[in-house]
Every structure is written in C-alpha cells, then in structure tokens.
file coords_4.cif (mmCIF, C-alpha atoms)
data_coords
loop_
_atom_site.label_atom_id
_atom_site.label_comp_id
_atom_site.auth_asym_id
_atom_site.auth_seq_id
_atom_site.Cartn_x
_atom_site.Cartn_y
_atom_site.Cartn_z
CA MET A 931 0.00 0.00 0.00
CA HIS A 932 1.37 3.38 -1.00
CA THR A 933 1.80 6.09 1.61
CA VAL A 934 -0.02 9.36 0.99
CA GLU A 935 3.28 11.01 0.08
CA ASP A 936 4.36 8.22 -2.29
CA LEU A 937 0.97 8.22 -3.98
CA ALA A 938 1.04 11.98 -4.54
CA GLU A 939 4.56 11.93 -5.97
CA GLY A 940 3.71 8.91 -8.11
CA CYS A 941 0.70 10.70 -9.58
CA ARG A 942 2.81 13.71 -10.49
CA VAL A 943 5.48 11.56 -12.14
CA GLY A 944 2.75 9.60 -13.93
CA TRP A 945 1.49 12.84 -15.44
CA ARG A 946 5.03 13.77 -16.39
CA ASN A 947 5.43 10.39 -18.10
CA HIS A 948 2.17 10.41 -20.04
CA ALA A 949 3.02 10.66 -23.73
CA ARG A 950 -0.31 12.06 -24.89
CA CYS A 951 -0.51 15.19 -22.74
CA ILE A 952 0.75 18.53 -24.02
CA GLY A 953 0.29 20.31 -20.67
CA ARG A 954 3.03 18.58 -18.69
CA LEU A 955 4.95 21.77 -17.95
CA HIS A 956 2.73 22.03 -14.86
CA TRP A 957 3.18 18.46 -13.57
CA GLN A 958 4.64 19.54 -10.24
CA SER A 959 1.53 21.58 -9.39
CA LEU A 960 -0.81 18.57 -9.40
CA ARG A 961 -2.94 18.35 -6.24
CA VAL A 962 -3.72 14.73 -5.31
CA MET A 963 -6.85 13.81 -3.36
CA ASP A 964 -6.40 10.45 -1.62
CA ARG A 965 -9.83 8.79 -1.52
CA ARG A 966 -8.71 5.21 -1.14
CA ASP A 967 -11.09 5.12 1.82
CA ALA A 968 -14.15 5.16 -0.50
CA ARG A 969 -16.28 2.08 0.09
CA THR A 970 -19.53 2.76 -1.74
CA ALA A 971 -20.58 4.19 -5.08
CA GLU A 972 -22.02 7.13 -3.17
CA ASP A 973 -18.60 7.76 -1.59
CA VAL A 974 -17.03 7.81 -5.05
CA ALA A 975 -19.71 10.10 -6.48
CA GLN A 976 -19.36 12.59 -3.63
CA ALA A 977 -15.58 12.62 -4.03
CA CYS A 978 -16.01 13.32 -7.75
CA VAL A 979 -18.23 16.28 -6.92
CA GLU A 980 -15.62 17.55 -4.46
CA HIS A 981 -12.98 17.07 -7.17
CA LEU A 982 -14.96 19.22 -9.60
CA ARG A 983 -15.62 21.96 -7.08
CA TYR A 984 -11.97 22.15 -6.09
CA GLY A 985 -10.70 21.92 -9.66
CA THR A 986 -13.15 24.52 -10.98
CA ASN A 987 -12.12 27.12 -8.42
CA GLY A 988 -14.48 29.74 -9.79
CA GLY A 989 -12.90 29.47 -13.24
CA ASN A 990 -9.25 29.65 -12.15
CA ILE A 991 -8.88 25.95 -12.93
CA ARG A 992 -6.58 23.88 -10.71
CA ASN A 993 -4.78 20.66 -11.65
CA VAL A 994 -6.20 17.90 -9.46
CA MET A 995 -6.36 14.11 -9.34
CA THR A 996 -8.52 11.94 -7.10
CA VAL A 997 -7.41 8.36 -6.44
CA PHE A 998 -9.87 5.65 -5.41
CA PRO A 999 -9.01 2.19 -4.01
CA PRO A 1000 -7.26 -0.22 -6.42
CA THR A 1001 -10.03 -2.79 -6.14
CA GLY A 1002 -11.69 -2.49 -9.52
CA VAL A 1003 -13.80 0.64 -8.98
CA ARG A 1004 -14.91 2.02 -12.36
CA ILE A 1005 -16.33 5.35 -13.41
CA TRP A 1006 -18.14 4.63 -16.66
CA ASN A 1007 -18.10 8.24 -17.86
CA PRO A 1008 -15.09 9.13 -20.06
CA GLN A 1009 -14.99 12.49 -18.27
CA LEU A 1010 -16.72 13.55 -15.08
CA ILE A 1011 -18.66 16.12 -17.11
CA ARG A 1012 -20.01 14.99 -20.46
CA TYR A 1013 -23.05 15.90 -22.54
CA ALA A 1014 -25.73 13.40 -23.48
CA GLY A 1015 -26.28 12.16 -27.02
CA TYR A 1016 -29.85 11.11 -27.83
CA ARG A 1017 -30.23 8.73 -30.77
CA GLN A 1018 -33.16 9.61 -33.02
CA PRO A 1019 -35.30 7.25 -35.15
CA ASP A 1020 -33.67 8.57 -38.34
CA GLY A 1021 -30.19 7.66 -37.07
CA SER A 1022 -29.16 11.19 -36.14
CA VAL A 1023 -28.09 12.20 -32.63
CA VAL A 1024 -29.21 15.22 -30.62
CA GLY A 1025 -26.30 16.27 -28.44
CA ASP A 1026 -22.87 14.65 -28.40
CA PRO A 1027 -22.74 11.45 -30.49
CA LEU A 1028 -19.64 10.36 -28.57
CA ASN A 1029 -21.81 9.71 -25.53
CA ALA A 1030 -24.83 8.05 -27.15
CA ASP A 1031 -24.11 4.62 -25.61
CA LEU A 1032 -23.60 6.04 -22.13
CA THR A 1033 -26.77 8.11 -22.50
CA GLU A 1034 -28.82 4.98 -23.18
CA ILE A 1035 -27.24 3.26 -20.18
CA ALA A 1036 -28.08 6.21 -17.93
CA GLN A 1037 -31.65 6.11 -19.21
CA ARG A 1038 -31.89 2.41 -18.39
CA LEU A 1039 -30.75 3.28 -14.88
CA GLY A 1040 -33.65 5.71 -14.59
CA TRP A 1041 -32.20 9.02 -15.81
CA ARG A 1042 -34.55 11.28 -17.73
CA GLY A 1043 -32.67 13.83 -19.78
CA ARG A 1044 -34.33 16.86 -21.29
CA GLY A 1045 -33.45 15.85 -24.84
CA GLY A 1046 -31.28 18.91 -25.43
CA ARG A 1047 -27.88 19.35 -27.05
CA PHE A 1048 -26.04 20.08 -23.81
CA ASP A 1049 -27.61 17.98 -21.06
CA VAL A 1050 -25.00 17.02 -18.45
CA LEU A 1051 -24.93 13.26 -17.98
CA PRO A 1052 -25.10 11.71 -14.51
CA LEU A 1053 -22.12 9.80 -13.17
CA VAL A 1054 -22.35 6.04 -13.62
CA ILE A 1055 -20.22 4.29 -11.01
CA GLU A 1056 -19.50 0.59 -10.60
CA MET A 1057 -18.14 -0.91 -7.41
CA PRO A 1058 -16.48 -4.35 -7.50
CA GLY A 1059 -19.03 -7.14 -7.84
CA LYS A 1060 -21.98 -4.75 -7.91
CA ALA A 1061 -24.27 -3.29 -10.55
CA PRO A 1062 -23.54 0.26 -11.70
CA GLU A 1063 -25.29 3.11 -9.92
CA MET A 1064 -26.22 6.55 -11.20
CA PHE A 1065 -25.64 9.92 -9.54
CA GLU A 1066 -26.60 13.32 -10.95
CA LEU A 1067 -24.06 16.10 -10.63
CA PRO A 1068 -25.22 19.17 -8.65
CA SER A 1069 -25.34 22.35 -10.71
CA ASP A 1070 -22.75 24.09 -8.54
CA ALA A 1071 -20.16 21.45 -9.54
CA VAL A 1072 -20.56 22.10 -13.27
CA LEU A 1073 -19.32 25.45 -14.53
CA GLU A 1074 -20.28 26.06 -18.16
CA VAL A 1075 -19.36 28.75 -20.67
CA GLU A 1076 -21.79 30.08 -23.27
CA ILE A 1077 -20.03 30.54 -26.61
CA SER A 1078 -20.11 33.86 -28.44
CA HIS A 1079 -17.76 35.59 -30.88
CA PRO A 1080 -16.00 38.97 -30.54
CA ASP A 1081 -16.79 40.01 -34.13
CA LEU A 1082 -19.75 37.88 -35.26
CA PRO A 1083 -22.87 38.84 -33.26
CA TRP A 1084 -24.92 35.94 -34.67
CA PHE A 1085 -22.56 33.38 -33.17
CA ALA A 1086 -24.38 33.39 -29.82
CA GLU A 1087 -27.54 32.35 -31.67
CA LEU A 1088 -25.94 28.96 -32.35
CA GLY A 1089 -26.60 28.08 -28.71
CA LEU A 1090 -23.19 26.51 -28.10
CA ARG A 1091 -21.77 25.99 -24.62
CA TRP A 1092 -19.06 23.90 -23.00
CA HIS A 1093 -18.00 22.87 -19.52
CA ALA A 1094 -14.94 24.44 -17.90
CA VAL A 1095 -13.16 21.39 -16.48
CA PRO A 1096 -11.87 18.49 -18.62
CA ALA A 1097 -11.70 15.77 -15.94
CA ILE A 1098 -10.66 12.46 -17.53
CA SER A 1099 -12.26 9.62 -15.59
CA ASN A 1100 -12.00 6.40 -17.63
CA MET A 1101 -8.24 5.83 -17.54
CA ALA A 1102 -6.34 3.57 -15.14
CA PHE A 1103 -3.33 4.82 -13.22
CA GLU A 1104 -0.50 2.33 -12.65
CA LEU A 1105 2.10 2.85 -9.93
CA ASP A 1106 4.62 0.25 -8.76
CA GLY A 1107 2.57 -2.57 -10.25
CA ILE A 1108 -0.65 -1.44 -8.56
CA THR A 1109 -3.46 -0.37 -10.90
CA TYR A 1110 -5.95 2.25 -9.77
CA THR A 1111 -8.89 1.75 -12.12
CA ALA A 1112 -10.62 4.94 -10.98
CA ALA A 1113 -8.38 8.00 -10.75
CA PRO A 1114 -9.99 11.05 -12.40
CA PHE A 1115 -7.69 13.95 -13.17
CA ASN A 1116 -7.88 17.34 -14.84
CA GLY A 1117 -5.88 20.26 -16.04
CA TRP A 1118 -7.45 23.04 -18.09
CA TYR A 1119 -8.53 23.14 -21.70
CA VAL A 1120 -6.47 23.93 -24.75
CA GLY A 1121 -9.01 25.90 -26.78
CA CYS A 1122 -8.77 23.72 -29.88
CA GLU A 1123 -9.84 20.65 -27.89
CA ILE A 1124 -13.25 22.30 -27.81
CA GLY A 1125 -13.30 24.42 -30.96
CA ALA A 1126 -11.59 22.04 -33.37
CA ARG A 1127 -12.50 18.61 -31.98
CA ASN A 1128 -15.63 18.76 -29.82
CA PHE A 1129 -17.43 21.30 -32.01
CA GLY A 1130 -15.70 20.67 -35.32
CA ASP A 1131 -15.42 16.89 -35.73
CA VAL A 1132 -17.99 15.25 -37.99
CA GLY A 1133 -18.56 12.57 -35.35
CA ARG A 1134 -19.17 15.15 -32.62
CA TYR A 1135 -21.17 18.40 -32.91
CA ASP A 1136 -20.19 18.88 -36.59
CA MET A 1137 -20.58 22.66 -36.51
CA LEU A 1138 -18.35 23.60 -39.45
CA PRO A 1139 -21.09 23.53 -42.13
CA THR A 1140 -23.43 25.63 -39.98
CA VAL A 1141 -20.76 28.22 -39.17
CA ALA A 1142 -19.60 28.38 -42.79
CA GLU A 1143 -23.13 28.96 -44.05
CA ARG A 1144 -23.72 31.73 -41.50
CA MET A 1145 -20.44 33.29 -42.67
CA GLY A 1146 -21.67 33.20 -46.27
CA LEU A 1147 -18.88 30.90 -47.46
CA ASP A 1148 -19.09 28.70 -50.54
CA THR A 1149 -19.43 25.16 -49.16
CA ARG A 1150 -19.77 23.57 -52.60
CA THR A 1151 -16.02 23.33 -53.12
CA SER A 1152 -13.17 22.58 -50.75
CA ALA A 1153 -11.05 25.09 -52.68
CA SER A 1154 -12.90 27.90 -50.92
CA LEU A 1155 -11.29 26.66 -47.68
CA TRP A 1156 -14.65 27.03 -45.97
CA LYS A 1157 -13.79 24.37 -43.42
CA ASP A 1158 -10.54 26.10 -42.50
CA ARG A 1159 -12.14 29.51 -42.16
CA ALA A 1160 -15.06 28.21 -40.12
CA LEU A 1161 -12.67 26.29 -37.90
CA ILE A 1162 -10.69 29.43 -37.11
CA GLU A 1163 -13.83 31.32 -36.09
CA LEU A 1164 -15.04 28.44 -33.92
CA ASN A 1165 -11.76 28.43 -32.06
CA GLN A 1166 -11.70 32.22 -31.79
CA ALA A 1167 -15.17 32.06 -30.26
CA VAL A 1168 -14.12 29.46 -27.69
CA LEU A 1169 -11.04 31.40 -26.56
CA HIS A 1170 -12.98 34.67 -26.43
CA SER A 1171 -15.88 33.18 -24.47
CA PHE A 1172 -13.73 31.43 -21.87
CA ARG A 1173 -11.72 34.58 -21.27
CA VAL A 1174 -14.82 36.78 -20.98
CA ALA A 1175 -16.25 34.26 -18.49
CA GLY A 1176 -13.03 34.30 -16.47
CA VAL A 1177 -12.35 30.61 -17.09
CA ARG A 1178 -8.77 29.48 -17.55
CA VAL A 1179 -7.92 28.30 -21.07
CA VAL A 1180 -4.80 28.27 -23.22
CA ASP A 1181 -4.49 28.59 -26.99
CA HIS A 1182 -2.63 25.94 -28.98
CA HIS A 1183 0.34 28.18 -29.77
CA VAL A 1184 1.02 28.85 -26.10
CA ALA A 1185 0.43 25.18 -25.24
CA ALA A 1186 2.97 24.05 -27.84
CA ARG A 1187 5.58 26.56 -26.65
CA GLN A 1188 5.03 25.46 -23.07
CA PHE A 1189 5.58 21.85 -24.06
CA VAL A 1190 8.91 22.73 -25.65
CA THR A 1191 9.85 24.52 -22.42
CA HIS A 1192 8.93 21.32 -20.56
CA GLU A 1193 11.17 19.30 -22.89
CA GLU A 1194 14.07 21.66 -22.26
CA ARG A 1195 13.63 21.47 -18.49
CA GLU A 1196 13.49 17.69 -18.62
CA GLN A 1197 16.69 17.60 -20.64
CA VAL A 1198 18.44 19.73 -18.03
CA ALA A 1199 17.18 17.29 -15.37
CA GLY A 1200 18.66 14.38 -17.33
CA ARG A 1201 15.31 12.91 -18.34
CA SER A 1202 13.78 12.10 -21.71
CA THR A 1203 10.32 13.35 -22.69
CA PRO A 1204 8.12 10.56 -24.05
CA ALA A 1205 5.53 11.97 -26.45
CA ASP A 1206 3.03 10.78 -29.03
CA TRP A 1207 3.42 13.22 -31.94
CA ALA A 1208 -0.19 12.86 -33.08
CA TRP A 1209 -1.41 14.01 -29.66
CA ILE A 1210 1.20 16.67 -28.94
CA VAL A 1211 0.76 18.50 -32.25
CA PRO A 1212 -2.44 20.61 -32.19
CA PRO A 1213 -5.25 19.82 -34.67
CA LEU A 1214 -5.36 23.46 -35.76
CA SER A 1215 -2.61 25.31 -37.68
CA ALA A 1216 -0.25 22.48 -36.80
CA SER A 1217 2.72 23.60 -38.89
CA THR A 1218 2.78 27.00 -37.19
CA THR A 1219 3.56 25.42 -33.80
CA PRO A 1220 7.05 24.33 -32.70
CA THR A 1221 5.98 20.79 -31.80
CA PHE A 1222 5.09 20.05 -35.44
CA HIS A 1223 8.74 20.31 -36.45
CA ARG A 1224 10.16 18.11 -33.70
CA GLY A 1225 10.49 14.35 -33.51
CA TYR A 1226 8.95 12.41 -30.64
CA SER A 1227 8.78 8.83 -29.48
CA VAL A 1228 6.68 6.87 -27.01
CA GLU A 1229 8.38 4.78 -24.33
CA PRO A 1230 6.25 1.63 -23.85
CA GLY A 1231 6.17 0.15 -20.38
CA LEU A 1232 7.00 3.41 -18.63
CA SER A 1233 5.84 3.50 -15.01
CA PRO A 1234 4.03 5.22 -13.42
CA ASP A 1235 1.63 6.12 -16.22
CA PHE A 1236 -2.00 6.31 -17.28
CA HIS A 1237 -3.60 3.68 -19.51
CA TYR A 1238 -6.85 3.37 -21.41
CA GLN A 1239 -9.38 0.77 -20.28
CA PRO A 1240 -12.16 -0.96 -22.25
CA ASP A 1241 -15.59 0.59 -21.79
CA PRO A 1242 -17.32 -1.52 -19.09
CA TRP A 1243 -20.59 -1.72 -21.02
CA LYS A 1244 -18.84 -3.47 -23.91
CA SER A 1245 -18.19 -6.53 -21.74
CA ALA A 1246 -21.23 -8.83 -21.57
CA ALA A 1247 -19.73 -10.43 -18.48
CA ARG A 1248 -19.87 -7.13 -16.58
CA CYS A 1249 -22.63 -5.05 -18.16
CA PRO A 1250 -26.11 -5.75 -16.73
CA PHE A 1251 -27.65 -4.35 -19.92
CA ALA A 1252 -25.80 -6.63 -22.34
CA ASP A 1253 -27.99 -8.61 -24.74
CA PRO A 1254 -27.17 -12.31 -24.16
CA GLN A 1255 -28.23 -13.04 -27.73
CA ALA A 1256 -25.80 -10.51 -29.19
CA ALA A 1257 -22.31 -11.72 -29.92
#
call {"tool": "encode", "arguments": {"input": "coords_4.cif", "output": "structure tokens"}}
result
Amino acid sequence: MHTVEDLAEGCRVGWRNHARCIGRLHWQSLRVMDRRDARTAEDVAQACVEHLRYGTNGGNIRNVMTVFPPTGVRIWNPQLIRYAGYRQPDGSVVGDPLNADLTEIAQRLGWRGRGGRFDVLPLVIEMPGKAPEMFELPSDAVLEVEISHPDLPWFAELGLRWHAVPAISNMAFELDGITYTAAPFNGWYVGCEIGARNFGDVGRYDMLPTVAERMGLDTRTSASLWKDRALIELNQAVLHSFRVAGVRVVDHHVAARQFVTHEEREQVAGRSTPADWAWIVPPLSASTTPTFHRGYSVEPGLSPDFHYQPDPWKSAARCPFADPQAA
C-alpha cells in the first residue's frame, strides 16, 4: 500500500510520463486527493463532486487528481462532465454522439434527460461485484461557458456551450505494479480541444457547415477553404468566451511553446520526454507550432503512467444491460 506522500509523488510523475498530454509543464503543481477510503458508489460520487468543485475554483482551474481504491472501482463516464447524445429514429443524434451509448445506459438506470444538445450526464459508477449506480451532478459542480464571438454577433444564436473542467475519468493509473482503475484527473482546456474537436469533428457536434453557411462561405467546393475559415472562427469564439467568463484556457500556440519549455527542463534534469506526436501537435494550424517540427517517441512500459481501459458496457460479463443473444 502506498503512503499518501508516495501516492502523490507517483501521480505527479505519472502525469510527467504520459506521452499524450501537451500540458506537462505544470506536472509539479498537481494536487492529489487520496480517496482510497471510499467504500460505496455514493462515496465515489461525492468525491467526484468535491474534485470538480476544487478543480473549478471559480474558473481559475486547478490541476487535481482523485485516487480511489485499487479494487476495480470504475467510473463509466469518459470524463466527469459529459453531454448526453440522444439517438433519433432517423439515425441522427441530438447532443454529443460520442456519448450516445452512455446516455442509453443512464436512461436504463432511470435518468430522464431533457433531450437537449447540452444535457449534463449523470455519473455512472460501478463498485467491484456490484451493478452500476447513477448519480446526478449538482449544478454548482458544473461550470459552463456560453459561446459567443467577438466580431460575429450571430454566433451566440448557435446556442453553443461547453464545460470548464476536462476531468478524464476512464483511464487507469499504474504505480509500482498497482493499478488504480478509478483515478480522475484534470488540467485546463487547450481551446482547440473544444473548438476544433468537440465542435468541429464530424462525429461530434459537426458545426463547421453551420458556421460556414452563416459566414456566407461557398461550401460547394473545398477550394474555398470554408472548413478552414469556419474552424478558425469556432476556435476564436471558444477562446474569447472562456476569457470573458473568467475561465482558464490556453491557446494551442502557447500550449505548444510550453511543451517545448517542458522538454528543455526535462533535458536539463537528465530525463527524456516521451511523447506521441499525433497528440502533442495541435489539430489546428499544426505547422505554425514548434511541436510540429520536432520528432517524438513513445516509451512503452513506462511507469508510473496512465492507460486506457475498455468501456465496461462493452463486456457482456460485466454489463447488466448486455444482450445475451448478441455476440
């Protein structure tokens, strides 16, 4: 069993080691909440709420990680705050398509969403050997930002919004051979995570065609660069809105420069910097950032580190909603 001090230091080093995070310059500032005393799903849910309140900090986002007992506890949500995705009869999705499966699971557990585009999902928590339980997040634990644009007044009419804290909750944390299957952690957003990916991806909110049409761009040909121009305005709107709301955010140029600073500091300390190029290079204006022009490599087997886990509902042996006839 790790001491409180060893656990905290291990979490910080695990963040420093994680090849897919661009924000590692701040690894030493990580606050670790030791909740290995949690015994029930309600304990876990309450600790997650406390995590969000502490991490949100009125918009001045703080890096924080909460560690639950290494006994197989699972938080089914990919992030502590995620928006529902409601499948429609015609195959479309209202809300975030990424979370359509989890939305249906929450509904089977008794949740009744409003059917909107930005309904915050409840937490779905599974304790070892028990069925998953659902817990709604209190409104004071979820800070959201309404998206507007500094130069395009109609942008606010799109009704976009996003939550302030990106708290990853479906990854396992491994330290000294012990795997903590529930260890949510957060930093703050890089603007393009929201503007380019969450709003821009075809498989997410797919807002580029709508923005381009409102801008009066020719969407009939890719040569008009309508996607590129719409993408820039989406990202400008996100950065503007977060700053007006007083919520901490960083643009991709600053994030990339900070990562290079982190590399340089690690070199001085005699350490390498494992990195996955595809995750370190921003999805917007990539070639204008310094990370685009640098080579990176992943170091498999590095410990401590964070690892992806299979979605619990995709295992018929564990999911109470699995169809026994489906295989």
call {"tool": "residues_around", "arguments": {"input": "coords_4.cif", "residues": "Gly1089 of chain A", "least_positions_apart": "4", "cutoff": "9 Å", "atoms": "all atoms listed in the file", "output": "ChimeraX atom specification"}}
result
/A:1047,1076-1078,1085
call {"tool": "closest_residue", "arguments": {"input": "coords_4.cif", "among": "A:Pro1068, A:Gly1117, A:Gly1015, A:Gly1002", "to": "Ala975 of chain A", "atoms": "only C-alpha atoms"}}
result
A:Pro1068
call {"tool": "resolve_selection", "arguments": {"input": "coords_4.cif", "expression": "the PyMOL selection byres ((chain A and resi 1018-1024) around 9)", "output": "list of chain:residue names"}}
result
A:Ala1014, A:Gly1015, A:Tyr1016, A:Arg1017, A:Gly1025, A:Asp1026, A:Pro1027, A:Ala1030, A:Gly1045, A:Gly1046, A:Arg1047, A:Phe1048, A:Tyr1135
call {"tool": "resolve_selection", "arguments": {"input": "coords_4.cif", "expression": "the PyMOL selection byres ((chain A and resi 1070) around 12)", "output": "ChimeraX atom specification"}}
result
/A:979-980,982-984,986-988,1066-1069,1071-1074
call {"tool": "resolve_selection", "arguments": {"input": "coords_4.cif", "expression": "the PyMOL selection byres ((chain A and resi 1099-1105) around 9)", "output": "ChimeraX atom specification"}}
result
/A:932,937,940-941,944,997,1004-1010,1097-1098,1106-1116,1233-1241
call {"tool": "residues_near_point", "arguments": {"input": "coords_4.cif", "point": "(-14.4, 30.0, -25.9)", "cutoff": "10 Å", "atoms": "all atoms listed in the file", "output": "JSON, numbers by chain"}}
result
{"A": [1075, 1076, 1077, 1078, 1079, 1090, 1091, 1092, 1094, 1119, 1121, 1122, 1124, 1125, 1164, 1165, 1166, 1167, 1168, 1169, 1170, 1171, 1172, 1173, 1174, 1175, 1177, 1179]}
call {"tool": "atom_distance", "arguments": {"input": "coords_4.cif", "atom1": "atom CA of Thr1219 of chain A", "atom2": "atom CA of Val1180 of chain A"}}
result
13.8 Å
call {"tool": "atom_distance", "arguments": {"input": "coords_4.cif", "atom1": "atom CA of Phe1189 of chain A", "atom2": "atom CA of Pro1220 of chain A"}}
result
9.1 Å
call {"tool": "atom_distance", "arguments": {"input": "coords_4.cif", "atom1": "atom CA of Met963 of chain A", "atom2": "atom CA of Trp1118 of chain A"}}
result
17.4 Å
call {"tool": "closest_residue", "arguments": {"input": "coords_4.cif", "among": "A:His956, A:Arg1012, A:Lys1157, A:Arg1144", "to": "Gln1188 of chain A", "atoms": "only C-alpha atoms"}}
result
A:His956
call {"tool": "residues_around", "arguments": {"input": "coords_4.cif", "residues": "Arg961 of chain A", "least_positions_apart": "5", "cutoff": "9 Å", "atoms": "all atoms listed in the file", "output": "NGL selection string"}}
result
:A and (938 or 942 or 992-996)
call {"tool": "write_last_selection", "arguments": {"input": "coords_4.cif", "atoms": "C-alpha atoms", "output": "short mmCIF file (atom, residue, chain, number, x, y, z; two decimals), in the frame of the given file"}}
result
data_model
loop_
_atom_site.label_atom_id
_atom_site.label_comp_id
_atom_site.auth_asym_id
_atom_site.auth_seq_id
_atom_site.Cartn_x
_atom_site.Cartn_y
_atom_site.Cartn_z
CA ALA A 938 1.04 11.98 -4.54
CA ARG A 942 2.81 13.71 -10.49
CA ARG A 992 -6.58 23.88 -10.71
CA ASN A 993 -4.78 20.66 -11.65
CA VAL A 994 -6.20 17.90 -9.46
CA MET A 995 -6.36 14.11 -9.34
CA THR A 996 -8.52 11.94 -7.10
#
call {"tool": "closest_residue", "arguments": {"input": "coords_4.cif", "among": "A:Val943, A:Val1184, A:Ile1035, A:Ile1055", "to": "Glu972 of chain A", "atoms": "only C-alpha atoms"}}
result
A:Ile1055
call {"tool": "axis_aligned_box", "arguments": {"input": "coords_4.cif", "around": "segment 1167-1173 of chain A", "padding_each_side": "5 Å", "output": "lines of an AutoDock Vina configuration file"}}
result
center_x = -13.5
center_y = 32.1
center_z = -25.8
size_x = 14.8
size_y = 15.2
size_z = 19.0
call {"tool": "closest_residue", "arguments": {"input": "coords_4.cif", "among": "A:Val934, A:Met1137, A:Glu1163, A:Val1228", "to": "Pro1080 of chain A", "atoms": "all atoms listed in the file"}}
result
A:Glu1163
call {"tool": "closest_residue", "arguments": {"input": "coords_4.cif", "among": "A:Met1145, A:Ala1036, A:Ala971, A:Val1190", "to": "Ala1205 of chain A", "atoms": "all atoms listed in the file"}}
result
A:Val1190
call {"tool": "closest_residue", "arguments": {"input": "coords_4.cif", "among": "A:Ala1216, A:Val1198, A:Val1050, A:Leu1155", "to": "Ala1185 of chain A", "atoms": "only C-alpha atoms"}}
result
A:Ala1216
call {"tool": "build_atoms", "arguments": {"input": "coords_4.cif", "residues": "segment 1014-1030 of chain A", "atoms": "N, CA and C atoms", "output": "mmCIF file, keeping the file's coordinate frame"}}
result
data_model
loop_
_atom_site.group_PDB
_atom_site.id
_atom_site.type_symbol
_atom_site.label_atom_id
_atom_site.label_comp_id
_atom_site.auth_asym_id
_atom_site.auth_seq_id
_atom_site.Cartn_x
_atom_site.Cartn_y
_atom_site.Cartn_z
ATOM 1 N N ALA A 1014 -24.993 14.546 -22.960
ATOM 2 C CA ALA A 1014 -25.730 13.400 -23.480
ATOM 3 C C ALA A 1014 -25.831 13.460 -25.004
ATOM 4 N N GLY A 1015 -26.008 12.285 -25.591
ATOM 5 C CA GLY A 1015 -26.280 12.160 -27.020
ATOM 6 C C GLY A 1015 -27.496 11.272 -27.203
ATOM 7 N N TYR A 1016 -28.589 11.848 -27.703
ATOM 8 C CA TYR A 1016 -29.850 11.110 -27.830
ATOM 9 C C TYR A 1016 -30.024 10.615 -29.264
ATOM 10 N N ARG A 1017 -30.014 9.304 -29.443
ATOM 11 C CA ARG A 1017 -30.230 8.730 -30.770
ATOM 12 C C ARG A 1017 -31.681 8.942 -31.197
ATOM 13 N N GLN A 1018 -31.844 9.358 -32.459
ATOM 14 C CA GLN A 1018 -33.160 9.610 -33.020
ATOM 15 C C GLN A 1018 -33.556 8.477 -33.977
ATOM 16 N N PRO A 1019 -34.849 8.317 -34.253
ATOM 17 C CA PRO A 1019 -35.300 7.250 -35.150
ATOM 18 C C PRO A 1019 -34.654 7.277 -36.534
ATOM 19 N N ASP A 1020 -34.275 8.472 -37.008
ATOM 20 C CA ASP A 1020 -33.670 8.570 -38.340
ATOM 21 C C ASP A 1020 -32.168 8.311 -38.333
ATOM 22 N N GLY A 1021 -31.618 7.954 -37.160
ATOM 23 C CA GLY A 1021 -30.190 7.660 -37.070
ATOM 24 C C GLY A 1021 -29.341 8.834 -36.630
ATOM 25 N N SER A 1022 -29.907 10.019 -36.594
ATOM 26 C CA SER A 1022 -29.160 11.190 -36.140
ATOM 27 C C SER A 1022 -29.066 11.184 -34.616
ATOM 28 N N VAL A 1023 -28.263 12.095 -34.077
ATOM 29 C CA VAL A 1023 -28.090 12.200 -32.630
ATOM 30 C C VAL A 1023 -28.257 13.651 -32.214
ATOM 31 N N VAL A 1024 -29.086 13.895 -31.221
ATOM 32 C CA VAL A 1024 -29.210 15.220 -30.620
ATOM 33 C C VAL A 1024 -28.252 15.272 -29.439
ATOM 34 N N GLY A 1025 -27.309 16.198 -29.482
ATOM 35 C CA GLY A 1025 -26.300 16.270 -28.440
ATOM 36 C C GLY A 1025 -24.965 15.758 -28.937
ATOM 37 N N ASP A 1026 -24.219 15.115 -28.064
ATOM 38 C CA ASP A 1026 -22.870 14.650 -28.400
ATOM 39 C C ASP A 1026 -22.911 13.170 -28.785
ATOM 40 N N PRO A 1027 -22.702 12.843 -30.059
ATOM 41 C CA PRO A 1027 -22.740 11.450 -30.490
ATOM 42 C C PRO A 1027 -21.737 10.558 -29.762
ATOM 43 N N LEU A 1028 -20.647 11.143 -29.273
ATOM 44 C CA LEU A 1028 -19.640 10.360 -28.570
ATOM 45 C C LEU A 1028 -20.228 9.646 -27.357
ATOM 46 N N ASN A 1029 -21.267 10.228 -26.774
ATOM 47 C CA ASN A 1029 -21.810 9.710 -25.530
ATOM 48 C C ASN A 1029 -23.177 9.049 -25.689
ATOM 49 N N ALA A 1030 -23.511 8.643 -26.907
ATOM 50 C CA ALA A 1030 -24.830 8.050 -27.150
ATOM 51 C C ALA A 1030 -25.017 6.745 -26.377
#
